[in-house]
$ cat entry_22.cif   # mmCIF, C-alpha atoms
data_final
loop_
_atom_site.group_PDB
_atom_site.id
_atom_site.type_symbol
_atom_site.label_atom_id
_atom_site.label_comp_id
_atom_site.auth_asym_id
_atom_site.auth_seq_id
_atom_site.Cartn_x
_atom_site.Cartn_y
_atom_site.Cartn_z
ATOM 1 C CA MET A 247 -16.543 -9.238 13.747
ATOM 2 C CA ALA A 248 -13.961 -11.214 11.792
ATOM 3 C CA ARG A 249 -10.997 -9.372 10.379
ATOM 4 C CA PRO A 250 -11.365 -8.762 6.614
ATOM 5 C CA GLU A 251 -8.325 -10.879 5.868
ATOM 6 C CA ALA A 252 -9.422 -13.863 7.992
ATOM 7 C CA GLY A 253 -8.750 -17.127 6.193
ATOM 8 C CA TYR A 254 -6.557 -15.585 3.517
ATOM 9 C CA GLU A 255 -3.076 -17.036 3.127
ATOM 10 C CA ALA A 256 -0.522 -14.365 2.244
ATOM 11 C CA ALA A 257 1.384 -15.098 -0.951
ATOM 12 C CA VAL A 258 4.667 -13.579 0.223
ATOM 13 C CA ARG A 259 6.704 -13.302 3.386
ATOM 14 C CA PRO A 260 5.850 -10.782 6.132
ATOM 15 C CA ARG A 261 6.655 -7.206 5.160
ATOM 16 C CA PRO A 262 10.012 -6.959 7.043
ATOM 17 C CA ALA A 263 11.318 -10.040 5.191
ATOM 18 C CA CYS A 264 10.434 -8.784 1.696
ATOM 19 C CA THR A 265 13.018 -7.286 -0.658
ATOM 20 C CA TYR A 266 12.461 -3.532 -0.379
ATOM 21 C CA THR A 267 14.192 -0.352 -1.489
ATOM 22 C CA SER A 268 12.553 3.004 -0.775
ATOM 23 C CA CYS A 269 11.451 4.887 -3.930
ATOM 24 C CA TYR A 270 11.908 1.839 -6.177
ATOM 25 C CA CYS A 271 8.344 0.521 -5.975
ATOM 26 C CA GLU A 272 8.407 -0.908 -9.501
ATOM 27 C CA GLU A 273 11.334 -3.152 -8.554
ATOM 28 C CA ASN A 274 9.860 -4.034 -5.167
ATOM 29 C CA VAL A 275 6.751 -5.345 -6.924
ATOM 30 C CA TRP A 276 8.883 -7.181 -9.523
ATOM 31 C CA LYS A 277 10.644 -8.915 -6.630
ATOM 32 C CA LEU A 278 7.301 -9.863 -5.051
ATOM 33 C CA CYS A 279 6.221 -11.405 -8.364
ATOM 34 C CA ASP A 280 9.534 -13.247 -8.617
ATOM 35 C CA TYR A 281 9.113 -14.615 -5.090
ATOM 36 C CA ILE A 282 5.579 -15.839 -5.826
ATOM 37 C CA ARG A 283 6.848 -17.549 -8.968
ATOM 38 C CA SER A 284 9.690 -19.220 -7.072
ATOM 39 C CA GLN A 285 7.415 -20.569 -4.323
ATOM 40 C CA ASP A 286 4.855 -21.982 -6.766
ATOM 41 C CA ARG A 287 2.145 -22.022 -4.095
ATOM 42 C CA HIS A 288 -0.231 -19.612 -5.839
ATOM 43 C CA PRO A 289 -1.000 -19.446 -9.577
ATOM 44 C CA LEU A 290 1.081 -16.558 -10.919
ATOM 45 C CA GLU A 291 -1.736 -15.570 -13.296
ATOM 46 C CA GLU A 292 -3.808 -14.455 -10.269
ATOM 47 C CA PHE A 293 -1.358 -11.584 -9.614
ATOM 48 C CA TYR A 294 -0.990 -8.232 -11.349
ATOM 49 C CA ALA A 295 1.531 -5.417 -11.171
ATOM 50 C CA VAL A 296 -0.563 -2.254 -10.864
ATOM 51 C CA PHE A 297 0.938 1.074 -11.946
ATOM 52 C CA ILE A 298 -0.917 4.156 -10.704
ATOM 53 C CA SER A 299 -0.257 7.427 -12.507
ATOM 54 C CA ASN A 300 -1.825 9.930 -14.918
ATOM 55 C CA ASP A 301 -0.828 12.130 -17.838
ATOM 56 C CA ARG A 302 0.597 14.790 -15.510
ATOM 57 C CA ARG A 303 2.286 12.237 -13.264
ATOM 58 C CA MET A 304 0.680 13.688 -10.152
ATOM 59 C CA ILE A 305 -1.302 11.136 -8.153
ATOM 60 C CA PRO A 306 -2.305 11.455 -4.487
ATOM 61 C CA LEU A 307 -2.311 8.394 -2.245
ATOM 62 C CA TRP A 308 -3.225 8.279 1.400
ATOM 63 C CA LYS A 309 -1.866 6.032 4.167
ATOM 64 C CA GLN A 310 1.657 6.029 2.768
ATOM 65 C CA LYS A 311 4.587 5.656 5.170
ATOM 66 C CA SER A 312 6.082 8.920 3.912
ATOM 67 C CA GLY A 313 2.855 10.836 4.579
ATOM 68 C CA HIS A 314 2.016 13.043 7.538
ATOM 69 C CA GLY A 315 -1.221 12.471 9.416
ATOM 70 C CA ASP A 316 -4.160 12.326 7.039
ATOM 71 C CA GLU A 317 -2.393 14.244 4.277
ATOM 72 C CA PRO A 318 -1.851 12.403 0.987
ATOM 73 C CA VAL A 319 1.507 11.871 -0.652
ATOM 74 C CA VAL A 320 1.575 13.032 -4.275
ATOM 75 C CA TRP A 321 3.690 10.633 -6.322
ATOM 76 C CA ASP A 322 4.578 10.810 -10.013
ATOM 77 C CA TYR A 323 3.616 7.127 -10.029
ATOM 78 C CA HIS A 324 3.277 4.247 -7.620
ATOM 79 C CA VAL A 325 3.255 0.473 -8.075
ATOM 80 C CA ILE A 326 1.385 -2.105 -6.030
ATOM 81 C CA LEU A 327 0.584 -5.810 -6.429
ATOM 82 C CA LEU A 328 -2.986 -7.063 -6.838
ATOM 83 C CA HIS A 329 -4.051 -10.615 -6.028
ATOM 84 C CA VAL A 330 -7.307 -11.514 -7.756
ATOM 85 C CA THR A 331 -8.587 -14.381 -5.618
ATOM 86 C CA SER A 332 -11.424 -16.851 -5.995
ATOM 87 C CA GLY A 333 -12.903 -15.604 -2.714
ATOM 88 C CA GLU A 334 -15.119 -12.637 -1.866
ATOM 89 C CA GLN A 335 -12.191 -10.253 -1.436
ATOM 90 C CA ASN A 336 -9.143 -9.431 -3.538
ATOM 91 C CA PHE A 337 -5.920 -8.238 -1.901
ATOM 92 C CA ILE A 338 -3.357 -5.472 -2.375
ATOM 93 C CA TYR A 339 0.333 -5.754 -1.498
ATOM 94 C CA ASP A 340 1.908 -2.311 -0.993
ATOM 95 C CA LEU A 341 5.279 -2.169 0.757
ATOM 96 C CA ASP A 342 4.966 1.617 1.184
ATOM 97 C CA THR A 343 1.650 1.743 3.014
ATOM 98 C CA VAL A 344 0.862 1.843 6.730
ATOM 99 C CA LEU A 345 -2.173 -0.338 6.020
ATOM 100 C CA PRO A 346 -2.028 -4.123 6.537
ATOM 101 C CA PHE A 347 0.225 -6.213 4.293
ATOM 102 C CA PRO A 348 -1.538 -7.741 2.452
ATOM 103 C CA CYS A 349 -4.529 -5.394 2.585
ATOM 104 C CA PRO A 350 -8.094 -6.285 1.590
ATOM 105 C CA PHE A 351 -8.882 -4.480 -1.652
ATOM 106 C CA ASP A 352 -11.919 -2.679 -0.239
ATOM 107 C CA MET A 353 -9.962 -1.375 2.734
ATOM 108 C CA TYR A 354 -7.147 -0.147 0.494
ATOM 109 C CA SER A 355 -9.637 1.487 -1.848
ATOM 110 C CA VAL A 356 -11.331 3.410 0.953
ATOM 111 C CA GLU A 357 -8.228 4.309 2.937
ATOM 112 C CA ALA A 358 -5.511 4.794 0.278
ATOM 113 C CA PHE A 359 -7.277 5.522 -3.020
ATOM 114 C CA ARG A 360 -10.365 7.336 -1.733
ATOM 115 C CA LEU A 361 -12.296 8.921 -4.587
ATOM 116 C CA ASP A 362 -11.395 11.005 -7.610
ATOM 117 C CA ASP A 363 -14.707 12.887 -7.320
ATOM 118 C CA SER A 364 -13.342 15.252 -4.687
ATOM 119 C CA LEU A 365 -10.036 15.880 -6.512
ATOM 120 C CA ARG A 366 -9.195 18.390 -9.203
ATOM 121 C CA PRO A 367 -9.101 16.705 -12.649
ATOM 122 C CA GLU A 368 -5.309 16.933 -12.917
ATOM 123 C CA PHE A 369 -5.057 14.621 -9.885
ATOM 124 C CA HIS A 370 -7.459 11.968 -11.190
ATOM 125 C CA ARG A 371 -5.739 8.615 -11.253
ATOM 126 C CA LYS A 372 -5.406 5.940 -13.890
ATOM 127 C CA ILE A 373 -4.333 2.330 -13.569
ATOM 128 C CA ARG A 374 -2.203 0.094 -15.762
ATOM 129 C CA MET A 375 -2.485 -3.603 -14.888
ATOM 130 C CA ILE A 376 0.076 -6.131 -16.118
ATOM 131 C CA ARG A 377 -0.224 -9.805 -15.285
ATOM 132 C CA ALA A 378 2.669 -10.873 -13.072
ATOM 133 C CA ASP A 379 4.113 -13.421 -15.481
ATOM 134 C CA LEU A 380 4.149 -10.809 -18.272
ATOM 135 C CA TYR A 381 5.667 -8.223 -15.929
ATOM 136 C CA LEU A 382 8.508 -10.570 -15.045
ATOM 137 C CA LYS A 383 9.215 -11.182 -18.743
ATOM 138 C CA THR A 384 8.998 -7.596 -20.015
ATOM 139 C CA PHE A 385 9.960 -5.051 -17.338
ATOM 140 C CA ALA A 386 13.439 -3.483 -17.471
ATOM 141 C CA SER A 387 15.011 -0.556 -15.634
ATOM 142 C CA ASP A 388 18.529 0.831 -15.670
ATOM 143 C CA ARG A 389 17.471 3.185 -12.814
ATOM 144 C CA SER A 390 18.531 6.245 -14.806
ATOM 145 C CA HIS A 391 15.319 8.000 -13.756
ATOM 146 C CA MET A 392 16.712 8.135 -10.221
ATOM 147 C CA LYS A 393 19.842 10.095 -11.161
ATOM 148 C CA ASP A 394 20.067 13.881 -11.233
ATOM 149 C CA ALA A 395 21.602 16.002 -14.006
ATOM 150 C CA ASP A 396 25.077 15.358 -12.563
ATOM 151 C CA GLY A 397 24.574 11.590 -12.572
ATOM 152 C CA LYS A 398 24.229 11.343 -8.783
ATOM 153 C CA TRP A 399 21.637 9.107 -7.176
ATOM 154 C CA GLN A 400 18.604 10.978 -5.856
ATOM 155 C CA LYS A 401 17.858 7.908 -3.724
ATOM 156 C CA PRO A 402 20.204 4.955 -3.082
ATOM 157 C CA PRO A 403 19.566 2.143 -5.583
ATOM 158 C CA PRO A 404 18.792 -1.486 -4.688
ATOM 159 C CA PRO A 405 21.841 -3.647 -3.926
ATOM 160 C CA TYR A 406 21.091 -6.234 -6.615
ATOM 161 C CA PRO A 407 21.797 -5.844 -10.372
ATOM 162 C CA CYS A 408 19.443 -3.863 -12.612
ATOM 163 C CA ILE A 409 16.470 -5.787 -13.990
ATOM 164 C CA GLU A 410 16.712 -6.200 -17.749
ATOM 165 C CA THR A 411 15.379 -8.394 -20.546
ATOM 166 C CA ALA A 412 16.861 -9.650 -23.787
ATOM 167 C CA ASP A 413 15.042 -6.817 -25.556
ATOM 168 C CA SER A 414 15.507 -3.886 -23.201
ATOM 169 C CA LYS A 415 17.547 -2.313 -20.442
ATOM 170 C CA MET A 416 15.037 0.500 -19.771
ATOM 171 C CA ASN A 417 11.314 0.584 -20.525
ATOM 172 C CA LEU A 418 9.885 1.971 -17.276
ATOM 173 C CA ASP A 419 8.169 4.848 -19.078
ATOM 174 C CA ASP A 420 6.075 2.383 -21.074
ATOM 175 C CA PHE A 421 4.651 1.059 -17.797
ATOM 176 C CA ILE A 422 4.088 4.486 -16.220
ATOM 177 C CA SER A 423 2.382 5.734 -19.386
ATOM 178 C CA MET A 424 -1.411 5.649 -19.228
ATOM 179 C CA ASN A 425 -1.702 5.605 -23.006
ATOM 180 C CA PRO A 426 -3.384 2.253 -23.781
ATOM 181 C CA GLU A 427 -1.607 2.171 -27.144
ATOM 182 C CA VAL A 428 1.764 1.936 -25.378
ATOM 183 C CA GLY A 429 3.364 -0.918 -23.495
ATOM 184 C CA TRP A 430 1.769 -3.956 -21.889
ATOM 185 C CA GLY A 431 -1.359 -4.720 -19.918
ATOM 186 C CA SER A 432 -4.658 -2.838 -19.689
ATOM 187 C CA VAL A 433 -5.413 0.765 -18.688
ATOM 188 C CA PHE A 434 -8.403 1.751 -16.545
ATOM 189 C CA SER A 435 -9.737 4.808 -14.793
ATOM 190 C CA LEU A 436 -9.488 4.454 -11.013
ATOM 191 C CA SER A 437 -13.279 4.179 -10.668
ATOM 192 C CA ASP A 438 -13.442 1.379 -13.269
ATOM 193 C CA PHE A 439 -10.599 -0.424 -11.514
ATOM 194 C CA VAL A 440 -12.344 -0.197 -8.121
ATOM 195 C CA HIS A 441 -15.685 -1.312 -9.540
ATOM 196 C CA ARG A 442 -14.043 -4.239 -11.270
ATOM 197 C CA PHE A 443 -11.998 -5.584 -8.365
ATOM 198 C CA GLY A 444 -13.816 -4.315 -5.265
ATOM 199 C CA SER A 445 -16.426 -6.504 -3.607
ATOM 200 C CA GLN A 446 -19.150 -3.857 -4.127
ATOM 201 C CA THR A 447 -19.943 -3.794 -0.426
ATOM 202 C CA THR A 448 -21.147 -0.769 1.511
ATOM 203 C CA TYR A 449 -17.689 -0.673 3.073
ATOM 204 C CA SER A 450 -16.163 0.167 -0.313
ATOM 205 C CA TYR A 451 -17.964 3.460 -0.450
ATOM 206 C CA SER A 452 -18.044 4.523 3.197
ATOM 207 C CA LEU A 453 -15.918 7.580 2.397
ATOM 208 C CA GLU A 454 -18.161 8.726 -0.437
ATOM 209 C CA GLY A 455 -18.727 12.456 -0.306
ATOM 210 C CA GLN A 456 -15.817 13.160 2.051
#

$ encode --input "entry_22.cif" --output "structure tokens"
Amino acid sequence: MARPEAGYEAAVRPRPACTYTSCYCEENVWKLCDYIRSQDRHPLEEFYAVFISNDRRMIPLWKQKSGHGDEPVVWDYHVILLHVTSGEQNFIYDLDTVLPFPCPFDMYSVEAFRLDDSLRPEFHRKIRMIRADLYLKTFASDRSHMKDADGKWQKPPPPYPCIETADSKMNLDDFISMNPEVGWGSVFSLSDFVHRFGSQTTYSYSLEGQ
């Protein structure tokens, strides 16, 4: 049986060569978008920054590097990159997963997202999608969310300067927000997101009921 990613050309460098800072997923994805733009090998409009969160900022994800065994990690939010291809399968780029990089969308959906049906409502996940070119133009972070009350870093920041725009130095909350009236892009429930970008194969739903 062919591997799910057979024939797909990755849009970025292998995972170890990518710009990465633990706990700064929003910047890691910005850097992936910036790399894709600089290489000009794939149309940038095929890529989307995908923020995963909810109103309580408690979202479980499985197969994360910081997880233990088959236990999920509960993040306040997480950010991944989606490549909407012209082929049968779309792809997810997540620098924090133990799954392949890039990962076929259906595999990521089954292994990392799983289903909201088996979760308490406060853990149900929502998605904000922002096209990569728009994300590069609009996202800004002064990293203040990563400092404690005394102004000390909770996690070491990236070594490069803060990402800012002409209009803003900090708008991260607008991206994490799942209020469709706020910020950029489109907001979906997780199930709508999976139905829209999954290949609708049996594989997509092999964990149903677990």

$ resolve_selection --input "entry_22.cif" --expression "the PyMOL selection byres ((chain A and resi 337) around 8)" --output "VMD selection string"
chain A and resid 328 to 331 335 to 336 338 to 339 348 to 351

$ resolve_selection --input "entry_22.cif" --expression "the PyMOL selection byres ((chain A and resi 309) around 6)" --output "PyMOL selection string"
chain A and resi 308+310+343-344+358

$ resolve_selection --input "entry_22.cif" --expression "the PyMOL selection byres ((chain A and resi 297) around 8)" --output "list in words"
Ala295, Val296, Ile298, Ser299, Tyr323, His324, Val325, Ile326, Ile373, Arg374, Met375, Phe421 and Ile422 of chain A

$ atom_distance --input "entry_22.cif" --atom1 "atom CA of Ile409 of chain A" --atom2 "atom CA of Ser387 of chain A"
5.7 Å

$ closest_residue --input "entry_22.cif" --among "A:Gln285, A:Ser390, A:Lys372, A:Arg261" --to "Met424 of chain A" --atoms "all atoms listed in the file"
A:Lys372

$ closest_residue --input "entry_22.cif" --among "A:Asp394, A:Glu368, A:Glu273, A:Glu357" --to "Tyr406 of chain A" --atoms "only C-alpha atoms"
A:Glu273

$ residues_near_point --input "entry_22.cif" --point "(9.9, -3.1, -7.2)" --cutoff "10 Å" --atoms "all atoms listed in the file" --output "PyMOL selection string"
chain A and resi 265-279+295+324-327+341+404+409

$ closest_residue --input "entry_22.cif" --among "A:Ile305, A:Val258, A:Leu290, A:Val440" --to "Arg366 of chain A" --atoms "only C-alpha atoms"
A:Ile305

$ decode --input "entry_22.cif" --residues "segment 371-414 of chain A" --atoms "C-alpha atoms" --output "PDB file, in the first residue's frame"
ATOM      1  CA  ARG A 371     -12.762  22.918  19.298  1.00  0.00           C
ATOM      2  CA  LYS A 372     -13.182  25.724  16.815  1.00  0.00           C
ATOM      3  CA  ILE A 373     -11.002  26.737  13.899  1.00  0.00           C
ATOM      4  CA  ARG A 374      -9.986  30.117  12.522  1.00  0.00           C
ATOM      5  CA  MET A 375      -8.445  29.938   9.043  1.00  0.00           C
ATOM      6  CA  ILE A 376      -6.447  32.838   7.609  1.00  0.00           C
ATOM      7  CA  ARG A 377      -4.952  32.678   4.141  1.00  0.00           C
ATOM      8  CA  ALA A 378      -1.163  32.721   4.360  1.00  0.00           C
ATOM      9  CA  ASP A 379      -0.675  35.946   2.425  1.00  0.00           C
ATOM     10  CA  LEU A 380      -3.166  37.731   4.710  1.00  0.00           C
ATOM     11  CA  TYR A 381      -1.527  36.220   7.795  1.00  0.00           C
ATOM     12  CA  LEU A 382       1.865  37.542   6.743  1.00  0.00           C
ATOM     13  CA  LYS A 383       0.405  41.032   6.253  1.00  0.00           C
ATOM     14  CA  THR A 384      -1.700  41.271   9.421  1.00  0.00           C
ATOM     15  CA  PHE A 385      -0.260  39.185  12.275  1.00  0.00           C
ATOM     16  CA  ALA A 386       1.697  40.961  15.031  1.00  0.00           C
ATOM     17  CA  SER A 387       2.963  39.824  18.425  1.00  0.00           C
ATOM     18  CA  ASP A 388       5.066  41.578  21.034  1.00  0.00           C
ATOM     19  CA  ARG A 389       5.190  38.246  22.958  1.00  0.00           C
ATOM     20  CA  SER A 390       3.774  39.881  26.085  1.00  0.00           C
ATOM     21  CA  HIS A 391       1.449  36.903  26.550  1.00  0.00           C
ATOM     22  CA  MET A 392       4.515  34.815  27.382  1.00  0.00           C
ATOM     23  CA  LYS A 393       5.608  36.971  30.327  1.00  0.00           C
ATOM     24  CA  ASP A 394       4.471  36.456  33.909  1.00  0.00           C
ATOM     25  CA  ALA A 395       3.256  39.161  36.307  1.00  0.00           C
ATOM     26  CA  ASP A 396       6.877  40.074  37.097  1.00  0.00           C
ATOM     27  CA  GLY A 397       7.756  40.495  33.423  1.00  0.00           C
ATOM     28  CA  LYS A 398       9.822  37.295  33.260  1.00  0.00           C
ATOM     29  CA  TRP A 399       9.610  34.955  30.296  1.00  0.00           C
ATOM     30  CA  GLN A 400       7.536  31.838  30.949  1.00  0.00           C
ATOM     31  CA  LYS A 401       9.268  30.268  27.939  1.00  0.00           C
ATOM     32  CA  PRO A 402      12.356  31.618  26.127  1.00  0.00           C
ATOM     33  CA  PRO A 403      11.347  33.794  23.158  1.00  0.00           C
ATOM     34  CA  PRO A 404      12.515  33.309  19.557  1.00  0.00           C
ATOM     35  CA  PRO A 405      15.926  34.811  18.749  1.00  0.00           C
ATOM     36  CA  TYR A 406      14.648  37.033  15.935  1.00  0.00           C
ATOM     37  CA  PRO A 407      12.820  40.385  16.369  1.00  0.00           C
ATOM     38  CA  CYS A 408       9.107  40.497  17.197  1.00  0.00           C
ATOM     39  CA  ILE A 409       6.749  40.290  14.225  1.00  0.00           C
ATOM     40  CA  GLU A 410       4.845  43.531  13.740  1.00  0.00           C
ATOM     41  CA  THR A 411       2.944  45.438  11.065  1.00  0.00           C
ATOM     42  CA  ALA A 412       2.538  49.116  10.296  1.00  0.00           C
ATOM     43  CA  ASP A 413      -0.787  48.993  12.137  1.00  0.00           C
ATOM     44  CA  SER A 414      -0.031  46.815  15.145  1.00  0.00           C
TER      45      SER A 414
END
